[in-house]
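Asker: My structure is in protein_8.txt, and what it holds is compact mmCIF, C-alpha atoms and all ligand atoms:
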# COMPACT_ATOMS: atom_id res chain seq x y z
CA MET F 554 -9.29 -12.43 35.82
CA ASN F 555 -13.01 -12.57 35.07
CA ILE F 556 -15.35 -13.09 38.01
CA LEU F 557 -18.91 -14.14 37.13
CA LEU F 558 -21.69 -14.34 39.69
CA HIS F 559 -24.72 -16.54 38.95
CA HIS F 560 -27.58 -15.11 40.97
CA TYR F 561 -30.96 -13.36 40.94
CA PRO F 562 -31.85 -9.97 42.41
CA THR F 563 -33.99 -11.11 45.36
CA SER F 564 -31.58 -13.79 46.66
CA PRO F 565 -30.32 -12.92 50.18
CA PHE F 566 -27.22 -15.14 49.90
CA ALA F 567 -26.44 -13.46 46.57
CA GLU F 568 -26.77 -10.08 48.31
CA LYS F 569 -24.13 -11.23 50.82
CA ILE F 570 -21.71 -11.79 47.93
CA ARG F 571 -22.74 -8.69 45.91
CA LEU F 572 -21.97 -6.55 48.95
CA ILE F 573 -18.59 -8.25 49.49
CA LEU F 574 -17.79 -7.56 45.81
CA GLY F 575 -18.61 -3.94 46.65
CA TYR F 576 -16.56 -3.89 49.85
CA LYS F 577 -13.57 -5.29 47.96
CA ASP F 578 -14.27 -2.94 45.02
CA LEU F 579 -14.21 -5.70 42.38
CA THR F 580 -15.28 -5.80 38.74
CA TRP F 581 -17.59 -8.71 37.94
CA GLN F 582 -20.09 -10.09 35.47
CA SER F 583 -23.66 -10.62 36.52
CA VAL F 584 -25.52 -13.69 35.19
CA TYR F 585 -29.15 -14.12 36.16
CA GLN F 586 -30.42 -17.64 36.83
CA PRO F 587 -34.04 -18.73 37.48
CA MET F 588 -35.42 -18.62 41.03
CA VAL F 589 -36.92 -22.10 40.73
CA MET F 590 -36.12 -25.34 38.96
CA PRO F 591 -35.46 -26.19 36.15
CA LYS F 592 -32.01 -24.55 35.93
CA PRO F 593 -30.34 -26.38 33.01
CA ASP F 594 -27.75 -23.68 32.30
CA LEU F 595 -26.62 -23.51 35.93
CA GLN F 596 -26.48 -27.29 36.24
CA ALA F 597 -24.43 -27.55 33.02
CA LEU F 598 -21.75 -25.78 35.07
CA THR F 599 -22.27 -27.29 38.53
CA GLY F 600 -23.21 -30.82 37.46
CA GLY F 601 -26.30 -30.81 39.69
CA TYR F 602 -25.97 -28.23 42.50
CA ARG F 603 -28.87 -25.77 42.15
CA ARG F 604 -28.53 -23.21 44.92
CA ILE F 605 -27.75 -19.56 44.40
CA PRO F 606 -25.29 -17.88 44.26
CA VAL F 607 -22.53 -19.67 42.35
CA LEU F 608 -19.21 -18.03 41.45
CA GLN F 609 -17.44 -18.77 38.17
CA VAL F 610 -13.84 -17.97 37.22
CA GLY F 611 -13.04 -19.45 33.79
CA ASN F 612 -13.86 -23.15 33.99
CA GLN F 613 -13.92 -23.19 37.80
CA ILE F 614 -17.21 -23.13 39.64
CA VAL F 615 -17.43 -22.31 43.35
CA CYS F 616 -20.56 -23.44 45.22
CA ASP F 617 -21.85 -22.03 48.53
CA THR F 618 -21.09 -18.58 49.94
CA LEU F 619 -18.89 -20.07 52.68
CA LEU F 620 -16.34 -21.08 50.02
CA ILE F 621 -17.08 -18.11 47.74
CA CYS F 622 -16.01 -15.81 50.61
CA ASP F 623 -12.71 -17.71 50.95
CA VAL F 624 -12.06 -17.44 47.21
CA LEU F 625 -12.81 -13.71 47.11
CA GLU F 626 -10.52 -13.23 50.11
CA HIS F 627 -7.73 -15.05 48.26
CA LEU F 628 -8.28 -13.14 45.01
CA ALA F 629 -8.61 -9.76 46.74
CA PRO F 630 -7.07 -9.89 50.23
CA GLU F 631 -7.29 -6.12 50.78
CA LYS F 632 -10.21 -5.25 53.06
CA THR F 633 -10.14 -8.62 54.77
CA LEU F 634 -13.27 -10.55 55.73
CA TYR F 635 -11.26 -12.35 58.42
CA PRO F 636 -9.34 -9.92 60.68
CA PRO F 637 -6.78 -12.29 62.27
CA SER F 638 -7.65 -11.70 65.93
CA ILE F 639 -11.36 -12.45 65.37
CA GLU F 640 -11.30 -14.96 62.50
CA GLY F 641 -12.71 -17.86 64.55
CA VAL F 642 -15.53 -15.90 66.12
CA ALA F 643 -16.33 -14.15 62.81
CA ARG F 644 -16.66 -17.49 60.97
CA THR F 645 -18.73 -18.98 63.80
CA VAL F 646 -21.13 -16.02 63.96
CA ALA F 647 -21.41 -16.12 60.16
CA GLN F 648 -22.37 -19.79 60.27
CA TRP F 649 -25.06 -19.05 62.89
CA ALA F 650 -26.37 -16.23 60.71
CA ASP F 651 -26.43 -18.28 57.50
CA SER F 652 -28.33 -21.13 59.16
CA THR F 653 -30.32 -20.15 62.27
CA LEU F 654 -30.91 -16.44 61.67
CA PHE F 655 -31.62 -17.01 57.96
CA SER F 656 -34.31 -19.65 58.53
CA VAL F 657 -36.04 -17.57 61.23
CA ALA F 658 -35.91 -14.38 59.14
CA MET F 659 -37.24 -16.15 56.03
CA ALA F 660 -40.09 -17.79 57.98
CA TYR F 661 -40.99 -14.24 59.11
CA ASN F 662 -40.41 -12.62 55.69
CA PHE F 663 -42.61 -15.14 53.89
CA GLN F 664 -45.68 -14.60 56.06
CA PRO F 665 -48.64 -13.97 53.71
CA ALA F 666 -48.18 -10.15 53.52
CA GLY F 667 -44.50 -10.58 52.65
CA ALA F 668 -44.99 -13.35 50.08
CA GLN F 669 -47.82 -11.44 48.37
CA HIS F 670 -45.58 -8.38 48.11
CA VAL F 671 -42.71 -10.36 46.54
CA PHE F 672 -45.05 -11.75 43.88
CA ARG F 673 -47.21 -8.64 43.40
CA GLY F 674 -48.25 -8.05 39.79
CA GLN F 675 -47.41 -11.63 38.83
CA PRO F 676 -49.88 -14.40 38.02
CA GLU F 677 -51.10 -16.29 41.12
CA GLU F 678 -49.40 -19.35 39.63
CA SER F 679 -45.90 -17.85 40.24
CA LEU F 680 -46.30 -17.81 44.03
CA LYS F 681 -47.73 -21.34 43.97
CA MET F 682 -44.82 -22.61 41.86
CA PHE F 683 -42.31 -20.90 44.16
CA ALA F 684 -43.92 -22.36 47.30
CA ALA F 685 -43.97 -25.87 45.76
CA ASP F 686 -40.32 -25.56 44.68
CA ARG F 687 -39.13 -24.51 48.15
CA GLN F 688 -41.29 -27.13 49.87
CA ALA F 689 -39.62 -29.80 47.69
CA MET F 690 -36.21 -28.30 48.50
CA ARG F 691 -36.92 -28.67 52.21
CA SER F 692 -37.85 -32.33 51.49
CA GLY F 693 -41.25 -31.70 53.01
CA ALA F 694 -39.94 -30.36 56.35
CA SER F 695 -42.28 -27.68 57.70
CA ARG F 696 -41.29 -24.06 58.13
CA MET F 697 -41.60 -22.20 61.46
CA HIS F 698 -44.97 -20.48 62.02
CA PRO F 699 -44.69 -16.71 61.31
CA SER F 700 -45.76 -15.78 64.89
CA ASP F 701 -43.01 -17.93 66.40
CA ALA F 702 -40.58 -16.59 63.83
CA ALA F 703 -41.55 -12.97 64.68
CA ALA F 704 -40.85 -13.50 68.39
CA THR F 705 -37.49 -15.18 67.73
CA TYR F 706 -36.49 -12.61 65.08
CA LYS F 707 -37.18 -9.77 67.58
CA SER F 708 -34.88 -11.40 70.14
CA TYR F 709 -32.16 -11.90 67.56
CA LEU F 710 -32.44 -8.26 66.44
CA CYS F 711 -31.97 -7.13 70.07
CA ARG F 712 -28.82 -9.23 70.34
CA ILE F 713 -27.48 -7.86 67.07
CA SER F 714 -28.27 -4.32 68.25
CA ASN F 715 -26.40 -4.99 71.50
CA MET F 716 -23.32 -6.05 69.51
CA LEU F 717 -23.39 -2.61 67.87
CA ASP F 718 -23.80 -0.56 71.07
CA SER F 719 -20.20 0.59 71.20
CA GLN F 720 -18.76 -0.22 67.78
CA ALA F 721 -19.48 0.46 64.11
CA PHE F 722 -19.50 -3.20 63.03
CA LEU F 723 -20.57 -6.38 64.80
CA LEU F 724 -17.15 -7.49 66.00
CA GLY F 725 -15.18 -4.25 66.01
CA SER F 726 -14.39 -1.10 64.09
CA GLN F 727 -14.02 -2.98 60.78
CA PRO F 728 -16.53 -5.29 59.09
CA SER F 729 -15.88 -9.04 58.94
CA VAL F 730 -17.62 -11.98 57.29
CA ALA F 731 -20.04 -11.94 60.27
CA ASP F 732 -21.42 -8.54 59.20
CA PHE F 733 -22.10 -9.69 55.63
CA ALA F 734 -23.71 -12.94 56.82
CA ILE F 735 -26.03 -11.22 59.30
CA TYR F 736 -26.82 -8.39 56.89
CA HIS F 737 -28.33 -10.41 54.05
CA SER F 738 -31.36 -11.79 55.93
CA LEU F 739 -32.16 -8.33 57.34
CA TRP F 740 -31.68 -6.80 53.86
CA PHE F 741 -34.42 -9.08 52.56
CA THR F 742 -36.79 -7.85 55.28
CA ARG F 743 -36.03 -4.19 54.65
CA GLN F 744 -35.72 -4.11 50.86
CA ILE F 745 -37.76 -7.01 49.49
CA VAL F 746 -40.71 -7.21 51.93
CA PRO F 747 -41.23 -3.61 53.17
CA PRO F 748 -44.85 -4.32 54.30
CA VAL F 749 -43.41 -6.42 57.16
CA ALA F 750 -40.19 -4.42 57.71
CA GLY F 751 -41.64 -2.53 60.70
CA ILE F 752 -40.01 -5.18 62.91
CA LEU F 753 -36.66 -3.42 62.35
CA GLN F 754 -37.87 -0.09 63.79
CA ALA F 755 -37.42 -1.26 67.40
CA THR F 756 -33.65 -1.49 66.84
CA PRO F 757 -32.56 1.80 65.20
CA THR F 758 -28.88 1.00 65.79
CA VAL F 759 -29.31 -2.00 63.51
CA LEU F 760 -30.84 0.22 60.81
CA THR F 761 -27.90 2.65 61.01
CA TRP F 762 -25.47 -0.27 60.70
CA MET F 763 -27.45 -1.53 57.68
CA ASP F 764 -27.02 1.89 56.04
CA ARG F 765 -23.29 1.67 56.73
CA MET F 766 -23.19 -1.80 55.16
CA SER F 767 -25.24 -0.93 52.06
CA ALA F 768 -22.91 2.06 51.44
CA PHE F 769 -20.23 -0.46 50.37
CA GLY F 770 -22.21 -0.82 47.13
CA GLN F 771 -21.89 -3.75 44.77
CA GLY F 772 -18.59 -3.11 43.01
CA ARG F 773 -18.58 -2.84 39.22
CA PRO F 774 -20.97 -5.36 37.65
CA SER F 775 -21.70 -5.73 33.95
CA LYS F 776 -24.45 -7.86 32.47
CA SER F 777 -23.71 -11.24 30.95
CA SER F 778 -25.92 -14.20 30.02
CA THR F 779 -26.11 -17.90 30.83
CA MET F 780 -25.09 -18.76 27.25
CA GLU F 781 -22.04 -16.48 27.46
CA SER F 782 -21.01 -17.97 30.79
CA ILE F 783 -21.19 -21.53 29.40
CA ALA F 784 -19.24 -20.44 26.31
CA ALA F 785 -16.62 -18.76 28.54
CA CYS F 786 -16.29 -21.99 30.52
CA ALA F 787 -15.96 -24.11 27.36
CA VAL F 788 -13.06 -22.06 25.94
CA SER F 789 -11.26 -21.69 29.25
CA THR F 790 -8.18 -23.83 29.79
CA ASN F 791 -6.84 -21.76 32.63
CA ALA F 792 -6.57 -23.00 36.14
CA GLN F 793 -6.47 -19.70 38.00
CA ASP F 794 -5.39 -20.42 41.57
CA LEU F 795 -8.46 -19.74 43.69
CA PHE F 796 -7.20 -21.11 47.01
CA GLY F 797 -3.52 -20.33 47.56
CA SER F 798 -1.37 -22.85 49.35
CA GLU F 799 -4.26 -24.72 50.97
CA ALA F 800 -4.09 -27.98 48.92
CA GLU F 801 -2.94 -30.85 51.16
CA PHE F 802 -5.05 -34.02 50.81
CA GLN F 803 -7.05 -34.81 53.96
CA ASN F 804 -8.59 -38.27 53.84
CA GLU F 805 -11.65 -38.64 56.10
CA HIS F 806 -13.72 -41.00 53.92
CA GLY F 807 -11.30 -43.58 52.51
CA ILE F 808 -11.89 -42.16 49.04
CA ALA F 809 -8.75 -41.61 46.97
CA LEU F 810 -8.14 -38.75 44.59
CA GLY F 811 -9.13 -39.87 41.08
CA GLU F 812 -12.22 -41.78 42.24
CA GLN F 813 -15.72 -40.94 40.96
CA VAL F 814 -17.76 -39.24 43.71
CA SER F 815 -21.00 -37.44 44.38
CA ILE F 816 -21.16 -34.29 46.50
CA ALA F 817 -24.42 -32.88 47.83
CA ALA F 818 -25.58 -30.28 50.35
CA GLU F 819 -26.55 -31.94 53.64
CA SER F 820 -29.90 -30.13 53.70
CA PHE F 821 -32.09 -27.87 51.55
CA GLY F 822 -31.44 -28.44 47.84
CA MET F 823 -29.60 -31.74 47.87
CA GLU F 824 -29.15 -32.34 44.13
CA PRO F 825 -25.75 -34.08 43.86
CA SER F 826 -22.88 -33.10 41.58
CA MET F 827 -20.88 -36.05 40.21
CA GLY F 828 -17.29 -36.14 39.01
CA GLU F 829 -13.71 -37.22 39.64
CA LEU F 830 -12.37 -36.15 43.04
CA VAL F 831 -9.32 -33.98 42.31
CA ALA F 832 -8.86 -32.32 45.72
CA ALA F 833 -10.06 -32.91 49.28
CA THR F 834 -8.32 -30.40 51.52
CA ARG F 835 -9.06 -29.34 55.08
CA THR F 836 -11.71 -26.92 53.87
CA ARG F 837 -12.98 -28.06 50.48
CA TYR F 838 -13.70 -30.75 47.90
CA SER F 839 -13.04 -30.27 44.19
CA ILE F 840 -14.31 -32.43 41.36
CA ARG F 841 -13.53 -32.51 37.65
CA ARG F 842 -16.32 -33.23 35.23
CA VAL F 843 -16.95 -32.93 31.51
CA ASP F 844 -20.16 -31.37 30.26
CA GLY F 845 -21.49 -31.58 26.68
CA HIS F 846 -21.84 -27.78 26.50
CA ALA F 847 -19.45 -26.37 29.11
CA GLY F 848 -16.53 -28.76 28.46
CA GLU F 849 -14.09 -29.59 31.27
CA VAL F 850 -15.29 -28.01 34.52
CA PHE F 851 -13.79 -27.96 38.01
CA VAL F 852 -16.46 -27.62 40.72
CA HIS F 853 -15.54 -26.69 44.30
CA PHE F 854 -17.56 -27.18 47.51
CA PRO F 855 -16.83 -26.38 51.16
CA ARG F 856 -16.48 -29.43 53.43
CA ILE F 857 -18.78 -27.89 56.02
CA GLY F 858 -22.40 -28.49 55.01
CA PHE F 859 -21.67 -31.04 52.25
CA ILE F 860 -21.75 -34.83 52.02
CA LEU F 861 -19.09 -36.73 50.03
CA LYS F 862 -19.81 -40.26 48.78
CA LYS F 863 -18.29 -42.71 46.32
CA ALA F 864 -20.39 -42.72 43.14
CA ASN F 865 -22.15 -46.04 42.59
N1 LIG I 1 -25.45 -22.34 52.22
C1 LIG I 1 -25.77 -21.78 50.93
C2 LIG I 1 -27.22 -21.32 50.94
C3 LIG I 1 -27.67 -20.76 49.61
C4 LIG I 1 -29.18 -20.65 49.51
O1 LIG I 1 -29.95 -21.23 50.29
N2 LIG I 1 -29.62 -19.89 48.52
C5 LIG I 1 -31.00 -19.76 48.25
C6 LIG I 1 -31.28 -18.40 47.62
S1 LIG I 1 -30.89 -17.09 48.72
C7 LIG I 1 -31.40 -20.79 47.21
O2 LIG I 1 -30.54 -21.35 46.57
N3 LIG I 1 -32.68 -21.01 47.04
C8 LIG I 1 -33.13 -21.94 46.08
C9 LIG I 1 -32.89 -21.53 44.69
O3 LIG I 1 -32.61 -20.37 44.39
O4 LIG I 1 -33.02 -22.39 43.81
C10 LIG I 1 -24.81 -20.65 50.63
O5 LIG I 1 -24.21 -20.11 51.57
O6 LIG I 1 -24.59 -20.35 49.45
With the file now loaded, output its structure as structure tokens.
Ligand SMILES: N[C@@H](CCC(=O)N[C@@H](CS)C(=O)NCC(=O)O)C(=O)O

Answerer:
Amino acid sequence: MNILLHHYPTSPFAEKIRLILGYKDLTWQSVYQPMVMPKPDLQALTGGYRRIPVLQVGNQIVCDTLLICDVLEHLAPEKTLYPPSIEGVARTVAQWADSTLFSVAMAYNFQPAGAQHVFRGQPEESLKMFAADRQAMRSGASRMHPSDAAATYKSYLCRISNMLDSQAFLLGSQPSVADFAIYHSLWFTRQIVPPVAGILQATPTVLTWMDRMSAFGQGRPSKSSTMESIAACAVSTNAQDLFGSEAEFQNEHGIALGEQVSIAAESFGMEPSMGELVAATRTRYSIRRVDGHAGEVFVHFPRIGFILKKAN
């Protein structure tokens, strides 16, 4: 089985998955995609979805880290992300981290000193293009002011520190999906914007936990390219089982399997992917589409955070 991860080095959500690949000690192929639109080689696979990271196994494409975590858990159940007694709380904390904590941390991280550091040595145009791309992705919604973000981030760091007072990981002696989801926003602060990373010094327990997390490494990546990933998709006829027994049709929308649909994120990067609905289970949607370069592709999305509609 060949796992490919479409990502770029400074993506926090990609870091969440790279670290899980490390925790589960997996071999994978690393494909870099652009940080901003256009992303024609990624969209040849996804059919429209543009966010990072995206996981590829043969001609199956998995969008959003929520579902990528489930797939990695199924493919490599050792070192579980969901210890049974805390699965509900771990998933709920992870969702808070991926939405609320992430947006506060990024509003803090991208204060002028942080943004200038990320784009140091690059033409001024790069930062402007990045800012315009992300502004369009937010559909014009404004971002929190850095001072408000700093105050909120400090409170969140205290809470995270408190969770670690008497245990090595956030919810116990073993890591869970909650650790990986909280880690990635803090990783960006510490590793990508060191000029503003002083905020972490007030919570040394959090820094020690971050060291423990980063020690999992990133597994065994090897470099691949966008062209190779599209070629691998085009020649793949396999339908590796990515989800186990979880396949029962759950009809919430009055849309039958076999109908043409569009699926889009409910916020932030809402480019829709179109195709034939081939699965709608309790946790995910899957579509089948045919691309001129990539051939027949199956694209999977989590239900949570995505909007399903009949294609017009
Ligand atoms: N809910 C998504 C969020 C992914 C996300 O927001 N990724 C950021 C990068 S860390 C992104 O796609 N930014 C825009 C881009 O790279 O084009 C997930 O869990 O995968």

Asker: Neighbouring residues of ligand LIG 1 (chain I) are defined here as those with any atom at most 7 Å from a ligand atom, counting all atoms listed in the file; list them as a ChimeraX atom specification.

Answerer: /F:564-567,588-590,603-606,616-619,651,687,822

Asker: Could you name the residues that touch Lys577 (chain F) at 7 Å or less, counting all atoms listed in the file, but leaving out those on the same chain fewer than 6 positions away, as a short mmCIF file (atom, residue, chain, number, x, y, z; two decimals) with C-alpha atoms, keeping the file's coordinate frame?

Answerer:
data_model
loop_
_atom_site.label_atom_id
_atom_site.label_comp_id
_atom_site.auth_asym_id
_atom_site.auth_seq_id
_atom_site.Cartn_x
_atom_site.Cartn_y
_atom_site.Cartn_z
CA ALA F 629 -8.61 -9.76 46.74
CA GLU F 631 -7.29 -6.12 50.78
CA LYS F 632 -10.21 -5.25 53.06
#

Asker: In the coordinate frame of the file, compute which residues have an atom within 10 Å of (-33.5, -9.3, 38.2) when using all atoms listed in the file, and state them as a VMD selection string.

Answerer: chain F and resid 560 to 564 584 to 588

Asker: Between F:Glu568, F:Glu824, F:Asp686, F:Asp732, which one has atoms that come closest to Tyr635 (chain F), using all atoms listed in the file?

Answerer: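 That would be F:Asp732, the residue with the smallest distance to Tyr635 (chain F).
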
Asker: Take CA of Gln727 (chain F) and CA of Leu710 (chain F) and report the distance between them in Å, one decimal.

Answerer: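 Straight-line distance from CA of Gln727 (chain F) to CA of Leu710 (chain F) works out to 20.0 Å.
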
Asker: Which distance in Å separates CA of Ala800 (chain F) and CA of Ala787 (chain F), to one decimal?

Answerer: 24.9 Å

Asker: Taking all atoms listed in the file into account, name the residue in F:Asp594, F:Asp764, F:Glu678, F:Glu799 that is nearest to Thr779 (chain F).

Answerer: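 Checking each candidate against Thr779 (chain F), we get F:Asp594 as the closest.
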
Asker: List every protein, DNA or RNA residue that has an atom no more than 10 Å from (-19.4, -28.6, 24.6) in the file's coordinate frame, counting all atoms listed in the file, and report them as a list in words.

Answerer: Ala597, Ile783, Ala784, Cys786, Ala787, Val788, Val843, Asp844, Gly845, His846, Ala847, Gly848 and Glu849 of chain F

Asker: Pick the closest to Ala647 (chain F) from F:Val730, F:Leu861, F:Leu810, F:Leu620: which is it, counting all atoms listed in the file?

Answerer: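 For Ala647 (chain F), the nearest of the candidates is F:Val730.
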
Asker: Would you mind reading off the distance between CA of Gly611 (chain F) and CA of Phe851 (chain F), one decimal, in Å?

Answerer: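 These two atoms are separated by 9.5 Å.
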
Asker: Using only C-alpha atoms, which protein or nucleic acid residues come within 12 Å of Gly797 (chain F)? Drop anything in the same chain fewer than 6 positions from it, and give the result as a list in words.

Answerer: Asp623, Val624, Leu625, Glu626, His627, Leu628, Ala629, Pro630 and Thr834 of chain F

Asker: Measuring between all atoms listed in the file, which one of F:Val607, F:Ala864, F:Leu579, F:Leu760 shows the shortest distance to Asn555 (chain F)?

Answerer: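 Among F:Val607, F:Ala864, F:Leu579, F:Leu760, it is F:Leu579 that comes nearest to Asn555 (chain F).
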
Asker: Nearest to Gln669 (chain F) among F:Gly601, F:Pro699, F:Pro728, F:Pro747, with distances taken over all atoms listed in the file: which residue is it?

Answerer: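 Result for the nearest residue to Gln669 (chain F): F:Pro747.
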
Asker: For Tyr838 (chain F), which residue among F:Gly770, F:Gly807, F:Pro855, F:Gly667 is the nearest when counting only C-alpha atoms?

Answerer: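 Going through F:Gly770, F:Gly807, F:Pro855, F:Gly667 one by one, the smallest distance to Tyr838 (chain F) is for F:Pro855.
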
Asker: When you get a chance, write out N, CA and C atoms for region 663-689 of chain F, as a PDB file, in the coordinates of the input.

Answerer:
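Written out: result07.pdb:
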ATOM      1  N   PHE F 663     -41.635 -14.522  54.788  1.00  0.00           N
ATOM      2  CA  PHE F 663     -42.610 -15.140  53.890  1.00  0.00           C
ATOM      3  C   PHE F 663     -43.957 -15.391  54.553  1.00  0.00           C
ATOM      4  N   GLN F 664     -44.296 -14.610  55.585  1.00  0.00           N
ATOM      5  CA  GLN F 664     -45.680 -14.600  56.060  1.00  0.00           C
ATOM      6  C   GLN F 664     -46.524 -14.049  54.902  1.00  0.00           C
ATOM      7  N   PRO F 665     -47.838 -14.293  54.906  1.00  0.00           N
ATOM      8  CA  PRO F 665     -48.640 -13.970  53.710  1.00  0.00           C
ATOM      9  C   PRO F 665     -48.408 -12.553  53.165  1.00  0.00           C
ATOM     10  N   ALA F 666     -48.330 -11.530  54.031  1.00  0.00           N
ATOM     11  CA  ALA F 666     -48.180 -10.150  53.520  1.00  0.00           C
ATOM     12  C   ALA F 666     -46.838  -9.979  52.799  1.00  0.00           C
ATOM     13  N   GLY F 667     -45.810 -10.668  53.281  1.00  0.00           N
ATOM     14  CA  GLY F 667     -44.500 -10.580  52.650  1.00  0.00           C
ATOM     15  C   GLY F 667     -44.482 -11.311  51.316  1.00  0.00           C
ATOM     16  N   ALA F 668     -44.992 -12.536  51.308  1.00  0.00           N
ATOM     17  CA  ALA F 668     -44.990 -13.350  50.080  1.00  0.00           C
ATOM     18  C   ALA F 668     -45.811 -12.654  48.992  1.00  0.00           C
ATOM     19  N   GLN F 669     -46.987 -12.100  49.381  1.00  0.00           N
ATOM     20  CA  GLN F 669     -47.820 -11.440  48.370  1.00  0.00           C
ATOM     21  C   GLN F 669     -47.093 -10.233  47.788  1.00  0.00           C
ATOM     22  N   HIS F 670     -46.306  -9.542  48.616  1.00  0.00           N
ATOM     23  CA  HIS F 670     -45.580  -8.380  48.110  1.00  0.00           C
ATOM     24  C   HIS F 670     -44.492  -8.815  47.117  1.00  0.00           C
ATOM     25  N   VAL F 671     -43.774  -9.895  47.444  1.00  0.00           N
ATOM     26  CA  VAL F 671     -42.710 -10.360  46.540  1.00  0.00           C
ATOM     27  C   VAL F 671     -43.286 -10.686  45.169  1.00  0.00           C
ATOM     28  N   PHE F 672     -44.488 -11.284  45.154  1.00  0.00           N
ATOM     29  CA  PHE F 672     -45.050 -11.750  43.880  1.00  0.00           C
ATOM     30  C   PHE F 672     -46.148 -10.823  43.356  1.00  0.00           C
ATOM     31  N   ARG F 673     -46.167  -9.579  43.842  1.00  0.00           N
ATOM     32  CA  ARG F 673     -47.210  -8.640  43.400  1.00  0.00           C
ATOM     33  C   ARG F 673     -47.085  -8.428  41.894  1.00  0.00           C
ATOM     34  N   GLY F 674     -48.250  -8.310  41.232  1.00  0.00           N
ATOM     35  CA  GLY F 674     -48.250  -8.050  39.790  1.00  0.00           C
ATOM     36  C   GLY F 674     -47.934  -9.284  38.960  1.00  0.00           C
ATOM     37  N   GLN F 675     -47.683 -10.408  39.597  1.00  0.00           N
ATOM     38  CA  GLN F 675     -47.410 -11.630  38.830  1.00  0.00           C
ATOM     39  C   GLN F 675     -48.600 -12.568  38.927  1.00  0.00           C
ATOM     40  N   PRO F 676     -48.758 -13.470  37.945  1.00  0.00           N
ATOM     41  CA  PRO F 676     -49.880 -14.400  38.020  1.00  0.00           C
ATOM     42  C   PRO F 676     -49.824 -15.217  39.314  1.00  0.00           C
ATOM     43  N   GLU F 677     -50.998 -15.548  39.854  1.00  0.00           N
ATOM     44  CA  GLU F 677     -51.100 -16.290  41.120  1.00  0.00           C
ATOM     45  C   GLU F 677     -50.246 -17.561  41.068  1.00  0.00           C
ATOM     46  N   GLU F 678     -50.154 -18.107  39.859  1.00  0.00           N
ATOM     47  CA  GLU F 678     -49.400 -19.350  39.630  1.00  0.00           C
ATOM     48  C   GLU F 678     -47.934 -19.225  40.079  1.00  0.00           C
ATOM     49  N   SER F 679     -47.327 -18.018  39.917  1.00  0.00           N
ATOM     50  CA  SER F 679     -45.900 -17.850  40.240  1.00  0.00           C
ATOM     51  C   SER F 679     -45.641 -18.140  41.712  1.00  0.00           C
ATOM     52  N   LEU F 680     -46.489 -17.585  42.591  1.00  0.00           N
ATOM     53  CA  LEU F 680     -46.300 -17.810  44.030  1.00  0.00           C
ATOM     54  C   LEU F 680     -46.479 -19.288  44.362  1.00  0.00           C
ATOM     55  N   LYS F 681     -47.485 -19.917  43.705  1.00  0.00           N
ATOM     56  CA  LYS F 681     -47.730 -21.340  43.970  1.00  0.00           C
ATOM     57  C   LYS F 681     -46.527 -22.171  43.534  1.00  0.00           C
ATOM     58  N   MET F 682     -45.975 -21.850  42.362  1.00  0.00           N
ATOM     59  CA  MET F 682     -44.820 -22.610  41.860  1.00  0.00           C
ATOM     60  C   MET F 682     -43.615 -22.432  42.775  1.00  0.00           C
ATOM     61  N   PHE F 683     -43.429 -21.189  43.261  1.00  0.00           N
ATOM     62  CA  PHE F 683     -42.310 -20.900  44.160  1.00  0.00           C
ATOM     63  C   PHE F 683     -42.468 -21.698  45.466  1.00  0.00           C
ATOM     64  N   ALA F 684     -43.682 -21.658  46.022  1.00  0.00           N
ATOM     65  CA  ALA F 684     -43.920 -22.360  47.300  1.00  0.00           C
ATOM     66  C   ALA F 684     -43.691 -23.868  47.125  1.00  0.00           C
ATOM     67  N   ALA F 685     -44.146 -24.421  45.990  1.00  0.00           N
ATOM     68  CA  ALA F 685     -43.970 -25.870  45.760  1.00  0.00           C
ATOM     69  C   ALA F 685     -42.495 -26.208  45.593  1.00  0.00           C
ATOM     70  N   ASP F 686     -41.762 -25.331  44.900  1.00  0.00           N
ATOM     71  CA  ASP F 686     -40.320 -25.560  44.680  1.00  0.00           C
ATOM     72  C   ASP F 686     -39.572 -25.583  46.011  1.00  0.00           C
ATOM     73  N   ARG F 687     -39.852 -24.603  46.883  1.00  0.00           N
ATOM     74  CA  ARG F 687     -39.130 -24.510  48.150  1.00  0.00           C
ATOM     75  C   ARG F 687     -39.548 -25.624  49.115  1.00  0.00           C
ATOM     76  N   GLN F 688     -40.826 -26.016  49.032  1.00  0.00           N
ATOM     77  CA  GLN F 688     -41.290 -27.130  49.870  1.00  0.00           C
ATOM     78  C   GLN F 688     -40.534 -28.411  49.480  1.00  0.00           C
ATOM     79  N   ALA F 689     -40.374 -28.623  48.155  1.00  0.00           N
ATOM     80  CA  ALA F 689     -39.620 -29.800  47.690  1.00  0.00           C
ATOM     81  C   ALA F 689     -38.169 -29.703  48.131  1.00  0.00           C
TER      82      ALA F 689
END
